[in-house]
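Asks: This is coords-v6.cif, which holds mmCIF, C-alpha atoms and all ligand atoms; chains and numbers go by the auth columns:
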```cif
data_query
loop_
_atom_site.group_PDB
_atom_site.id
_atom_site.type_symbol
_atom_site.label_atom_id
_atom_site.label_comp_id
_atom_site.label_asym_id
_atom_site.label_seq_id
_atom_site.Cartn_x
_atom_site.Cartn_y
_atom_site.Cartn_z
_atom_site.B_iso_or_equiv
_atom_site.auth_seq_id
_atom_site.auth_asym_id
ATOM 1 C CA MET A 1 -36.278 2.290 -17.971 0.00 1 Y
ATOM 2 C CA GLU A 2 -38.010 0.318 -20.730 0.00 2 Y
ATOM 3 C CA ASN A 3 -35.900 2.181 -23.289 0.00 3 Y
ATOM 4 C CA TYR A 4 -32.747 1.253 -21.487 0.00 4 Y
ATOM 5 C CA TYR A 5 -33.777 -2.392 -21.481 0.00 5 Y
ATOM 6 C CA LYS A 6 -34.601 -2.283 -25.181 0.00 6 Y
ATOM 7 C CA SER A 7 -31.277 -0.634 -25.973 0.00 7 Y
ATOM 8 C CA LEU A 8 -29.456 -3.715 -24.699 0.00 8 Y
ATOM 9 C CA LEU A 9 -31.033 -5.848 -27.414 0.00 9 Y
ATOM 10 C CA ASP A 10 -30.394 -3.170 -30.022 0.00 10 Y
ATOM 11 C CA ASN A 11 -26.760 -3.061 -28.917 0.00 11 Y
ATOM 12 C CA ASN A 12 -26.563 -6.807 -29.389 0.00 12 Y
ATOM 13 C CA LYS A 13 -27.828 -6.588 -32.963 0.00 13 Y
ATOM 14 C CA ALA A 14 -25.338 -3.835 -33.728 0.00 14 Y
ATOM 15 C CA TRP A 15 -22.496 -5.853 -32.196 0.00 15 Y
ATOM 16 C CA VAL A 16 -23.350 -8.943 -34.249 0.00 16 Y
ATOM 17 C CA ALA A 17 -23.440 -6.892 -37.455 0.00 17 Y
ATOM 18 C CA GLU A 18 -20.159 -5.174 -36.648 0.00 18 Y
ATOM 19 C CA THR A 19 -18.467 -8.452 -35.733 0.00 19 Y
ATOM 20 C CA LEU A 20 -19.631 -10.225 -38.894 0.00 20 Y
ATOM 21 C CA GLU A 21 -18.474 -7.326 -40.990 0.00 21 Y
ATOM 22 C CA LYS A 22 -14.935 -7.848 -39.681 0.00 22 Y
ATOM 23 C CA ASP A 23 -15.054 -11.635 -39.846 0.00 23 Y
ATOM 24 C CA ALA A 24 -17.926 -13.405 -41.565 0.00 24 Y
ATOM 25 C CA SER A 25 -17.091 -16.768 -39.956 0.00 25 Y
ATOM 26 C CA TYR A 26 -16.548 -15.387 -36.416 0.00 26 Y
ATOM 27 C CA PHE A 27 -19.533 -17.103 -34.801 0.00 27 Y
ATOM 28 C CA ASP A 28 -19.118 -20.288 -36.866 0.00 28 Y
ATOM 29 C CA ASN A 29 -15.613 -20.597 -35.439 0.00 29 Y
ATOM 30 C CA LEU A 30 -16.708 -19.849 -31.855 0.00 30 Y
ATOM 31 C CA ALA A 31 -19.461 -22.437 -32.129 0.00 31 Y
ATOM 32 C CA LYS A 32 -16.899 -25.198 -32.809 0.00 32 Y
ATOM 33 C CA GLY A 33 -15.906 -25.285 -29.137 0.00 33 Y
ATOM 34 C CA GLN A 34 -13.818 -23.662 -26.449 0.00 34 Y
ATOM 35 C CA GLN A 35 -10.327 -24.218 -25.158 0.00 35 Y
ATOM 36 C CA PRO A 36 -9.733 -21.273 -22.813 0.00 36 Y
ATOM 37 C CA PRO A 37 -6.282 -21.121 -21.186 0.00 37 Y
ATOM 38 C CA VAL A 38 -7.590 -19.209 -18.179 0.00 38 Y
ATOM 39 C CA LEU A 39 -10.124 -19.703 -15.401 0.00 39 Y
ATOM 40 C CA TRP A 40 -11.062 -16.394 -13.784 0.00 40 Y
ATOM 41 C CA ILE A 41 -12.492 -16.296 -10.266 0.00 41 Y
ATOM 42 C CA GLY A 42 -13.575 -12.715 -9.723 0.00 42 Y
ATOM 43 C CA CYS A 43 -15.981 -10.492 -7.847 0.00 43 Y
ATOM 44 C CA ALA A 44 -19.564 -10.069 -9.058 0.00 44 Y
ATOM 45 C CA ASP A 45 -19.010 -6.283 -8.979 0.00 45 Y
ATOM 46 C CA SER A 46 -20.316 -4.720 -12.209 0.00 46 Y
ATOM 47 C CA ARG A 47 -17.152 -2.646 -12.573 0.00 47 Y
ATOM 48 C CA VAL A 48 -14.807 -5.602 -12.939 0.00 48 Y
ATOM 49 C CA PRO A 49 -15.666 -7.270 -16.288 0.00 49 Y
ATOM 50 C CA ALA A 50 -13.140 -10.107 -16.644 0.00 50 Y
ATOM 51 C CA ASN A 51 -12.490 -10.166 -20.393 0.00 51 Y
ATOM 52 C CA GLN A 52 -12.553 -6.438 -20.933 0.00 52 Y
ATOM 53 C CA ILE A 53 -9.891 -5.450 -18.391 0.00 53 Y
ATOM 54 C CA ILE A 54 -7.352 -7.981 -19.710 0.00 54 Y
ATOM 55 C CA GLY A 55 -8.124 -7.530 -23.393 0.00 55 Y
ATOM 56 C CA ALA A 56 -9.271 -11.133 -23.771 0.00 56 Y
ATOM 57 C CA GLN A 57 -11.568 -12.300 -26.553 0.00 57 Y
ATOM 58 C CA PRO A 58 -14.595 -14.604 -26.258 0.00 58 Y
ATOM 59 C CA GLY A 59 -13.213 -18.137 -25.903 0.00 59 Y
ATOM 60 C CA GLU A 60 -10.182 -17.122 -23.829 0.00 60 Y
ATOM 61 C CA VAL A 61 -11.503 -16.914 -20.278 0.00 61 Y
ATOM 62 C CA PHE A 62 -13.719 -19.348 -18.383 0.00 62 Y
ATOM 63 C CA VAL A 63 -15.384 -17.237 -15.716 0.00 63 Y
ATOM 64 C CA HIS A 64 -16.742 -17.710 -12.215 0.00 64 Y
ATOM 65 C CA ARG A 65 -17.821 -14.666 -10.236 0.00 65 Y
ATOM 66 C CA ASN A 66 -19.318 -14.268 -6.791 0.00 66 Y
ATOM 67 C CA ILE A 67 -19.355 -11.642 -4.076 0.00 67 Y
ATOM 68 C CA ALA A 68 -15.742 -10.888 -3.068 0.00 68 Y
ATOM 69 C CA ASN A 69 -14.178 -13.588 -5.317 0.00 69 Y
ATOM 70 C CA MET A 70 -14.360 -16.305 -2.713 0.00 70 Y
ATOM 71 C CA VAL A 71 -13.159 -19.915 -2.923 0.00 71 Y
ATOM 72 C CA ILE A 72 -15.363 -21.774 -0.452 0.00 72 Y
ATOM 73 C CA HIS A 73 -14.820 -25.503 -0.138 0.00 73 Y
ATOM 74 C CA SER A 74 -18.537 -26.285 0.169 0.00 74 Y
ATOM 75 C CA ASP A 75 -19.587 -24.067 -2.772 0.00 75 Y
ATOM 76 C CA ILE A 76 -20.820 -26.606 -5.332 0.00 76 Y
ATOM 77 C CA ASN A 77 -21.107 -23.895 -7.978 0.00 77 Y
ATOM 78 C CA MET A 78 -17.444 -22.875 -7.663 0.00 78 Y
ATOM 79 C CA LEU A 79 -16.298 -26.511 -7.387 0.00 79 Y
ATOM 80 C CA SER A 80 -18.238 -27.477 -10.518 0.00 80 Y
ATOM 81 C CA VAL A 81 -16.672 -24.622 -12.482 0.00 81 Y
ATOM 82 C CA LEU A 82 -13.203 -25.485 -11.174 0.00 82 Y
ATOM 83 C CA ASP A 83 -13.622 -29.192 -11.903 0.00 83 Y
ATOM 84 C CA TYR A 84 -14.765 -28.545 -15.449 0.00 84 Y
ATOM 85 C CA ALA A 85 -12.038 -25.967 -16.067 0.00 85 Y
ATOM 86 C CA VAL A 86 -9.228 -28.173 -14.747 0.00 86 Y
ATOM 87 C CA ASN A 87 -10.338 -31.650 -15.769 0.00 87 Y
ATOM 88 C CA VAL A 88 -12.163 -31.046 -19.050 0.00 88 Y
ATOM 89 C CA LEU A 89 -10.950 -27.720 -20.445 0.00 89 Y
ATOM 90 C CA LYS A 90 -7.431 -28.180 -19.008 0.00 90 Y
ATOM 91 C CA VAL A 91 -6.861 -24.484 -18.282 0.00 91 Y
ATOM 92 C CA LYS A 92 -3.248 -23.501 -17.635 0.00 92 Y
ATOM 93 C CA HIS A 93 -3.924 -20.624 -15.243 0.00 93 Y
ATOM 94 C CA VAL A 94 -6.452 -19.937 -12.533 0.00 94 Y
ATOM 95 C CA ILE A 95 -6.600 -16.278 -11.575 0.00 95 Y
ATOM 96 C CA VAL A 96 -8.302 -15.090 -8.414 0.00 96 Y
ATOM 97 C CA CYS A 97 -8.898 -11.403 -9.035 0.00 97 Y
ATOM 98 C CA GLY A 98 -10.093 -9.191 -6.208 0.00 98 Y
ATOM 99 C CA HIS A 99 -10.515 -5.454 -6.424 0.00 99 Y
ATOM 100 C CA TYR A 100 -9.903 -2.449 -4.228 0.00 100 Y
ATOM 101 C CA GLY A 101 -13.108 -0.901 -2.930 0.00 101 Y
ATOM 102 C CA CYS A 102 -14.834 -4.292 -2.775 0.00 102 Y
ATOM 103 C CA GLY A 103 -18.189 -3.883 -1.020 0.00 103 Y
ATOM 104 C CA GLY A 104 -18.143 -7.471 0.228 0.00 104 Y
ATOM 105 C CA VAL A 105 -14.769 -7.033 1.894 0.00 105 Y
ATOM 106 C CA GLN A 106 -15.782 -3.645 3.288 0.00 106 Y
ATOM 107 C CA THR A 107 -18.912 -5.121 4.848 0.00 107 Y
ATOM 108 C CA ALA A 108 -16.759 -7.764 6.515 0.00 108 Y
ATOM 109 C CA MET A 109 -14.956 -4.941 8.366 0.00 109 Y
ATOM 110 C CA THR A 110 -18.205 -3.964 10.090 0.00 110 Y
ATOM 111 C CA ASN A 111 -20.675 -5.658 12.395 0.00 111 Y
ATOM 112 C CA LYS A 112 -23.677 -4.521 10.404 0.00 112 Y
ATOM 113 C CA GLN A 113 -26.253 -7.129 9.423 0.00 113 Y
ATOM 114 C CA VAL A 114 -27.189 -6.886 5.758 0.00 114 Y
ATOM 115 C CA GLY A 115 -29.230 -10.037 5.153 0.00 115 Y
ATOM 116 C CA ILE A 116 -28.547 -13.465 3.765 0.00 116 Y
ATOM 117 C CA ILE A 117 -25.197 -12.232 2.503 0.00 117 Y
ATOM 118 C CA ASP A 118 -24.028 -12.102 6.152 0.00 118 Y
ATOM 119 C CA ASN A 119 -23.450 -15.846 5.923 0.00 119 Y
ATOM 120 C CA TRP A 120 -21.204 -15.397 2.900 0.00 120 Y
ATOM 121 C CA ILE A 121 -19.386 -12.426 4.469 0.00 121 Y
ATOM 122 C CA ARG A 122 -18.656 -14.670 7.461 0.00 122 Y
ATOM 123 C CA HIS A 123 -15.893 -16.332 5.433 0.00 123 Y
ATOM 124 C CA ILE A 124 -14.267 -12.953 4.742 0.00 124 Y
ATOM 125 C CA LYS A 125 -14.422 -12.119 8.437 0.00 125 Y
ATOM 126 C CA ASP A 126 -12.395 -15.286 9.040 0.00 126 Y
ATOM 127 C CA VAL A 127 -9.707 -13.863 6.738 0.00 127 Y
ATOM 128 C CA TYR A 128 -9.610 -10.748 8.934 0.00 128 Y
ATOM 129 C CA ARG A 129 -9.222 -12.924 12.008 0.00 129 Y
ATOM 130 C CA PHE A 130 -6.275 -14.833 10.467 0.00 130 Y
ATOM 131 C CA HIS A 131 -4.502 -11.535 9.737 0.00 131 Y
ATOM 132 C CA LYS A 132 -5.842 -9.344 12.526 0.00 132 Y
ATOM 133 C CA ASP A 133 -2.428 -8.460 13.960 0.00 133 Y
ATOM 134 C CA GLU A 134 -1.219 -7.066 10.654 0.00 134 Y
ATOM 135 C CA LEU A 135 -4.534 -5.395 9.797 0.00 135 Y
ATOM 136 C CA ASN A 136 -5.164 -3.865 13.216 0.00 136 Y
ATOM 137 C CA ALA A 137 -1.683 -2.335 13.108 0.00 137 Y
ATOM 138 C CA ILE A 138 -2.658 -0.235 10.054 0.00 138 Y
ATOM 139 C CA SER A 139 -4.158 2.964 11.476 0.00 139 Y
ATOM 140 C CA ASN A 140 -5.256 4.489 8.160 0.00 140 Y
ATOM 141 C CA GLU A 141 -8.662 2.990 7.414 0.00 141 Y
ATOM 142 C CA GLN A 142 -8.304 3.152 3.629 0.00 142 Y
ATOM 143 C CA GLU A 143 -4.914 1.423 3.770 0.00 143 Y
ATOM 144 C CA ARG A 144 -6.298 -1.219 6.105 0.00 144 Y
ATOM 145 C CA PHE A 145 -9.198 -1.830 3.716 0.00 145 Y
ATOM 146 C CA ASP A 146 -6.822 -2.111 0.709 0.00 146 Y
ATOM 147 C CA ARG A 147 -4.606 -4.556 2.557 0.00 147 Y
ATOM 148 C CA PHE A 148 -7.621 -6.612 3.633 0.00 148 Y
ATOM 149 C CA VAL A 149 -8.623 -6.908 -0.051 0.00 149 Y
ATOM 150 C CA GLU A 150 -5.116 -8.201 -0.878 0.00 150 Y
ATOM 151 C CA LEU A 151 -5.042 -10.637 2.029 0.00 151 Y
ATOM 152 C CA ASN A 152 -8.464 -11.930 1.068 0.00 152 Y
ATOM 153 C CA VAL A 153 -7.151 -12.778 -2.419 0.00 153 Y
ATOM 154 C CA PHE A 154 -4.112 -14.424 -0.830 0.00 154 Y
ATOM 155 C CA GLU A 155 -6.338 -16.641 1.315 0.00 155 Y
ATOM 156 C CA GLN A 156 -8.576 -17.583 -1.614 0.00 156 Y
ATOM 157 C CA VAL A 157 -5.538 -18.660 -3.673 0.00 157 Y
ATOM 158 C CA GLN A 158 -4.360 -20.773 -0.725 0.00 158 Y
ATOM 159 C CA ASP A 159 -7.802 -22.364 -0.406 0.00 159 Y
ATOM 160 C CA LEU A 160 -7.889 -22.960 -4.146 0.00 160 Y
ATOM 161 C CA ALA A 161 -4.567 -24.806 -3.969 0.00 161 Y
ATOM 162 C CA LYS A 162 -5.927 -27.046 -1.236 0.00 162 Y
ATOM 163 C CA THR A 163 -9.020 -28.174 -3.156 0.00 163 Y
ATOM 164 C CA SER A 164 -8.918 -31.840 -4.131 0.00 164 Y
ATOM 165 C CA ILE A 165 -9.282 -30.730 -7.759 0.00 165 Y
ATOM 166 C CA ILE A 166 -6.020 -28.764 -7.793 0.00 166 Y
ATOM 167 C CA GLN A 167 -4.235 -31.243 -5.509 0.00 167 Y
ATOM 168 C CA ASN A 168 -5.096 -34.127 -7.857 0.00 168 Y
ATOM 169 C CA ALA A 169 -4.059 -32.129 -10.924 0.00 169 Y
ATOM 170 C CA TRP A 170 -0.655 -31.345 -9.402 0.00 170 Y
ATOM 171 C CA GLU A 171 -0.302 -34.959 -8.254 0.00 171 Y
ATOM 172 C CA ARG A 172 -0.526 -36.162 -11.851 0.00 172 Y
ATOM 173 C CA LYS A 173 1.837 -33.348 -12.947 0.00 173 Y
ATOM 174 C CA GLN A 174 -0.790 -31.398 -14.848 0.00 174 Y
ATOM 175 C CA GLU A 175 0.594 -27.939 -15.465 0.00 175 Y
ATOM 176 C CA ILE A 176 -1.639 -25.424 -13.749 0.00 176 Y
ATOM 177 C CA HIS A 177 -0.614 -22.145 -12.163 0.00 177 Y
ATOM 178 C CA LEU A 178 -2.659 -20.260 -9.560 0.00 178 Y
ATOM 179 C CA HIS A 179 -2.380 -16.483 -9.371 0.00 179 Y
ATOM 180 C CA GLY A 180 -3.660 -13.693 -7.124 0.00 180 Y
ATOM 181 C CA TRP A 181 -4.450 -10.269 -8.566 0.00 181 Y
ATOM 182 C CA VAL A 182 -6.103 -7.099 -7.315 0.00 182 Y
ATOM 183 C CA TYR A 183 -7.775 -4.698 -9.734 0.00 183 Y
ATOM 184 C CA GLY A 184 -7.899 -0.962 -9.117 0.00 184 Y
ATOM 185 C CA ILE A 185 -11.342 0.338 -10.019 0.00 185 Y
ATOM 186 C CA ASN A 186 -10.080 3.920 -9.781 0.00 186 Y
ATOM 187 C CA ASN A 187 -7.222 3.473 -12.277 0.00 187 Y
ATOM 188 C CA GLY A 188 -7.881 0.253 -14.188 0.00 188 Y
ATOM 189 C CA ILE A 189 -4.552 -1.250 -13.203 0.00 189 Y
ATOM 190 C CA ILE A 190 -4.135 -4.835 -12.060 0.00 190 Y
ATOM 191 C CA LYS A 191 -1.636 -5.520 -9.287 0.00 191 Y
ATOM 192 C CA ASP A 192 -0.108 -8.992 -9.458 0.00 192 Y
ATOM 193 C CA LEU A 193 0.394 -10.051 -5.829 0.00 193 Y
ATOM 194 C CA ASP A 194 3.236 -12.371 -6.954 0.00 194 Y
ATOM 195 C CA ILE A 195 1.891 -15.334 -5.017 0.00 195 Y
ATOM 196 C CA THR A 196 1.811 -17.743 -7.954 0.00 196 Y
ATOM 197 C CA LEU A 197 1.516 -21.397 -6.968 0.00 197 Y
ATOM 198 C CA ARG A 198 2.671 -24.156 -9.330 0.00 198 Y
ATOM 199 C CA ASP A 199 2.797 -27.157 -7.018 0.00 199 Y
ATOM 200 C CA ASN A 200 2.710 -28.125 -3.354 0.00 200 Y
ATOM 201 C CA HIS A 201 6.296 -27.024 -2.915 0.00 201 Y
ATOM 202 C CA SER A 202 5.486 -23.443 -3.919 0.00 202 Y
ATOM 203 C CA LEU A 203 2.414 -23.646 -1.663 0.00 203 Y
ATOM 204 C CA GLU A 204 4.645 -24.432 1.306 0.00 204 Y
ATOM 205 C CA VAL A 205 7.015 -21.612 0.435 0.00 205 Y
ATOM 206 C CA VAL A 206 4.196 -19.070 0.227 0.00 206 Y
ATOM 207 C CA ASP A 207 2.630 -20.491 3.387 0.00 207 Y
ATOM 208 C CA GLN A 208 5.861 -19.777 5.265 0.00 208 Y
ATOM 209 C CA VAL A 209 6.562 -16.370 3.828 0.00 209 Y
ATOM 210 C CA GLY A 210 3.029 -15.007 3.905 0.00 210 Y
ATOM 211 C CA VAL A 211 2.369 -12.180 1.511 0.00 211 Y
HETATM 212 CO CO CO B . -16.195 -6.795 -4.919 0.00 301 A
#
```
I'd like the structure from this file rewritten - as structure tokens, please.
Replies:
Amino acid sequence: MENYYKSLLDNNKAWVAETLEKDASYFDNLAKGQQPPVLWIGCADSRVPANQIIGAQPGEVFVHRNIANMVIHSDINMLSVLDYAVNVLKVKHVIVCGHYGCGGVQTAMTNKQVGIIDNWIRHIKDVYRFHKDELNAISNEQERFDRFVELNVFEQVQDLAKTSIIQNAWERKQEIHLHGWVYGINNGIIKDLDITLRDNHSLEVVDQVGV
């Protein structure tokens, strides 16, 4: 266990050496500042590392992760990240990326008490309630779970669009696109749910059509 811990620091030293060998001014350039085009809102799951799965370099993706990639209107952490990303960094895209096999979403399909996380899961249970007709009609449990993951992303993108931060950005014609993705842990492939929102008009269209 101690060896494993120590290996992390050794890995860091090796990575720095390797990086500097390729580009001696790499860290000098990074230290000048960031202008990432993307804000990523993803799950805290250790198997979904934002940069790695989209081939993005340090400096490209501003990241917020929590259990089940939720956008909760009273979450001051998420709102602070979103505010900074939109109003200071001026990101062009906000991606909500869920993943199949999400433990948070799976827990929301049960009535088991887990602990303090139950209060967080409560919001995911609300997503089930909004879509219970569609979800209850899916008899295969795995398929129902997969669809619930997708619908949860859909709802988080909708909630994102309705934050005052995004509403104000669109109001002043700031270009910012919201996207919903689902990552497949078992194959590495990202499914674009094609629910991109660019303004309140597209929000209304998606609201009517569903997903
Ligand atoms: Co997850």
Asks: If you measure from CA of Lys112 (chain Y) to CA of Gly180 (chain Y), what distance in Å do you get, rounded to one decimal?
Replies: 28.1 Å
Asks: Contacts of His93 (chain Y) at 10 Å or less, counting all atoms listed in the file, minus same-chain residues fewer than 3 places along, as a ChimeraX atom specification?
Replies: /Y:36-40,61,85-86,90,96,175-179,196-198
Asks: Could you work out how far CA of His64 (chain Y) lies from CA of Ser80 (chain Y), giving the answer in Å with one decimal?
Replies: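 Straight-line distance from CA of Ser80 (chain Y) to CA of His64 (chain Y) works out to 10.0 Å.
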Asks: Using Å and a single decimal, report how far CA of Arg47 (chain Y) sits from CA of Ala14 (chain Y).
Replies: 22.7 Å
Asks: List all protein, DNA and RNA residues that have at least one atom no more than 6 Å from any atom of ligand CO 301 (chain A), counting all atoms listed in the file, and write them as a list in words.
Replies: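 I would give the residues around ligand CO 301 (chain A) as Cys43, Asp45, Ile67, Ala68, Cys102, Gly103 and Gly104 of chain Y.
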Asks: Output the residue selection produced by the PyMOL selection byres (((chain Y and resi 126-136) around 9) and not hetatm) on the file above, formatted as a PDB file with C-alpha atoms, keeping the file's coordinate frame.
Replies:
```pdb
ATOM      1  CA  ALA Y 108     -16.759  -7.764   6.515  1.00  0.00           C
ATOM      2  CA  MET Y 109     -14.956  -4.941   8.366  1.00  0.00           C
ATOM      3  CA  ILE Y 121     -19.386 -12.426   4.469  1.00  0.00           C
ATOM      4  CA  ARG Y 122     -18.656 -14.670   7.461  1.00  0.00           C
ATOM      5  CA  HIS Y 123     -15.893 -16.332   5.433  1.00  0.00           C
ATOM      6  CA  ILE Y 124     -14.267 -12.953   4.742  1.00  0.00           C
ATOM      7  CA  LYS Y 125     -14.422 -12.119   8.437  1.00  0.00           C
ATOM      8  CA  ALA Y 137      -1.683  -2.335  13.108  1.00  0.00           C
ATOM      9  CA  ILE Y 138      -2.658  -0.235  10.054  1.00  0.00           C
ATOM     10  CA  SER Y 139      -4.158   2.964  11.476  1.00  0.00           C
ATOM     11  CA  ARG Y 144      -6.298  -1.219   6.105  1.00  0.00           C
ATOM     12  CA  PHE Y 145      -9.198  -1.830   3.716  1.00  0.00           C
ATOM     13  CA  ARG Y 147      -4.606  -4.556   2.557  1.00  0.00           C
ATOM     14  CA  PHE Y 148      -7.621  -6.612   3.633  1.00  0.00           C
ATOM     15  CA  LEU Y 151      -5.042 -10.637   2.029  1.00  0.00           C
ATOM     16  CA  ASN Y 152      -8.464 -11.930   1.068  1.00  0.00           C
ATOM     17  CA  GLU Y 155      -6.338 -16.641   1.315  1.00  0.00           C
TER      18      GLU Y 155
END
```
Asks: Restricting the calculation to all atoms listed in the file, which member of Y:Val149, Y:Ala169, Y:Ala31, Y:Val206 is positioned closest to Gly184 (chain Y)?
Replies: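 Checking each candidate against Gly184 (chain Y), we get Y:Val149 as the closest.
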Asks: Could you expand the PyMOL selection byres (((chain Y and resi 191) around 10) and not hetatm) into the explicit residues it covers here, written as number ranges by chain?
Replies: Y: 97-99, 150, 180-184, 188-190, 192-194
Asks: Within 12 Å of Gly33 (chain Y), counting all atoms listed in the file, which residues show up once you throw out same-chain ones fewer than 4 positions away? Write them as a PDB file with C-alpha atoms, keeping the file's coordinate frame, please.
Replies:
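Contents of around_20.pdb, freshly written:
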```pdb
ATOM      1  CA  PHE Y  27     -19.533 -17.103 -34.801  1.00  0.00           C
ATOM      2  CA  ASP Y  28     -19.118 -20.288 -36.866  1.00  0.00           C
ATOM      3  CA  ASN Y  29     -15.613 -20.597 -35.439  1.00  0.00           C
ATOM      4  CA  PRO Y  58     -14.595 -14.604 -26.258  1.00  0.00           C
ATOM      5  CA  GLY Y  59     -13.213 -18.137 -25.903  1.00  0.00           C
ATOM      6  CA  GLU Y  60     -10.182 -17.122 -23.829  1.00  0.00           C
ATOM      7  CA  LEU Y  89     -10.950 -27.720 -20.445  1.00  0.00           C
TER       8      LEU Y  89
END
```
Asks: Point out the residue among Y:Glu143, Y:Asp199, Y:Asn66, Y:Tyr84 with the least atom-to-atom distance to Ile117 (chain Y), counting all atoms listed in the file.
Replies: Y:Asn66
Asks: Selected by the PyMOL selection byres (((chain Y and resi 156) around 8) and not hetatm) in the shown coordinates: which residues, as a PDB file with C-alpha atoms, keeping the file's coordinate frame?
Replies:
```
ATOM      1  CA  ASN Y  69     -14.178 -13.588  -5.317  1.00  0.00           C
ATOM      2  CA  MET Y  70     -14.360 -16.305  -2.713  1.00  0.00           C
ATOM      3  CA  VAL Y  71     -13.159 -19.915  -2.923  1.00  0.00           C
ATOM      4  CA  VAL Y  96      -8.302 -15.090  -8.414  1.00  0.00           C
ATOM      5  CA  ASN Y 152      -8.464 -11.930   1.068  1.00  0.00           C
ATOM      6  CA  VAL Y 153      -7.151 -12.778  -2.419  1.00  0.00           C
ATOM      7  CA  PHE Y 154      -4.112 -14.424  -0.830  1.00  0.00           C
ATOM      8  CA  GLU Y 155      -6.338 -16.641   1.315  1.00  0.00           C
ATOM      9  CA  VAL Y 157      -5.538 -18.660  -3.673  1.00  0.00           C
ATOM     10  CA  GLN Y 158      -4.360 -20.773  -0.725  1.00  0.00           C
ATOM     11  CA  ASP Y 159      -7.802 -22.364  -0.406  1.00  0.00           C
ATOM     12  CA  LEU Y 160      -7.889 -22.960  -4.146  1.00  0.00           C
TER      13      LEU Y 160
END
```
Asks: With distances taken over all atoms listed in the file, which of Y:Ala17, Y:Val48, Y:Leu30, Y:Ile165 is nearest to Tyr100 (chain Y)?
Replies: Y:Val48
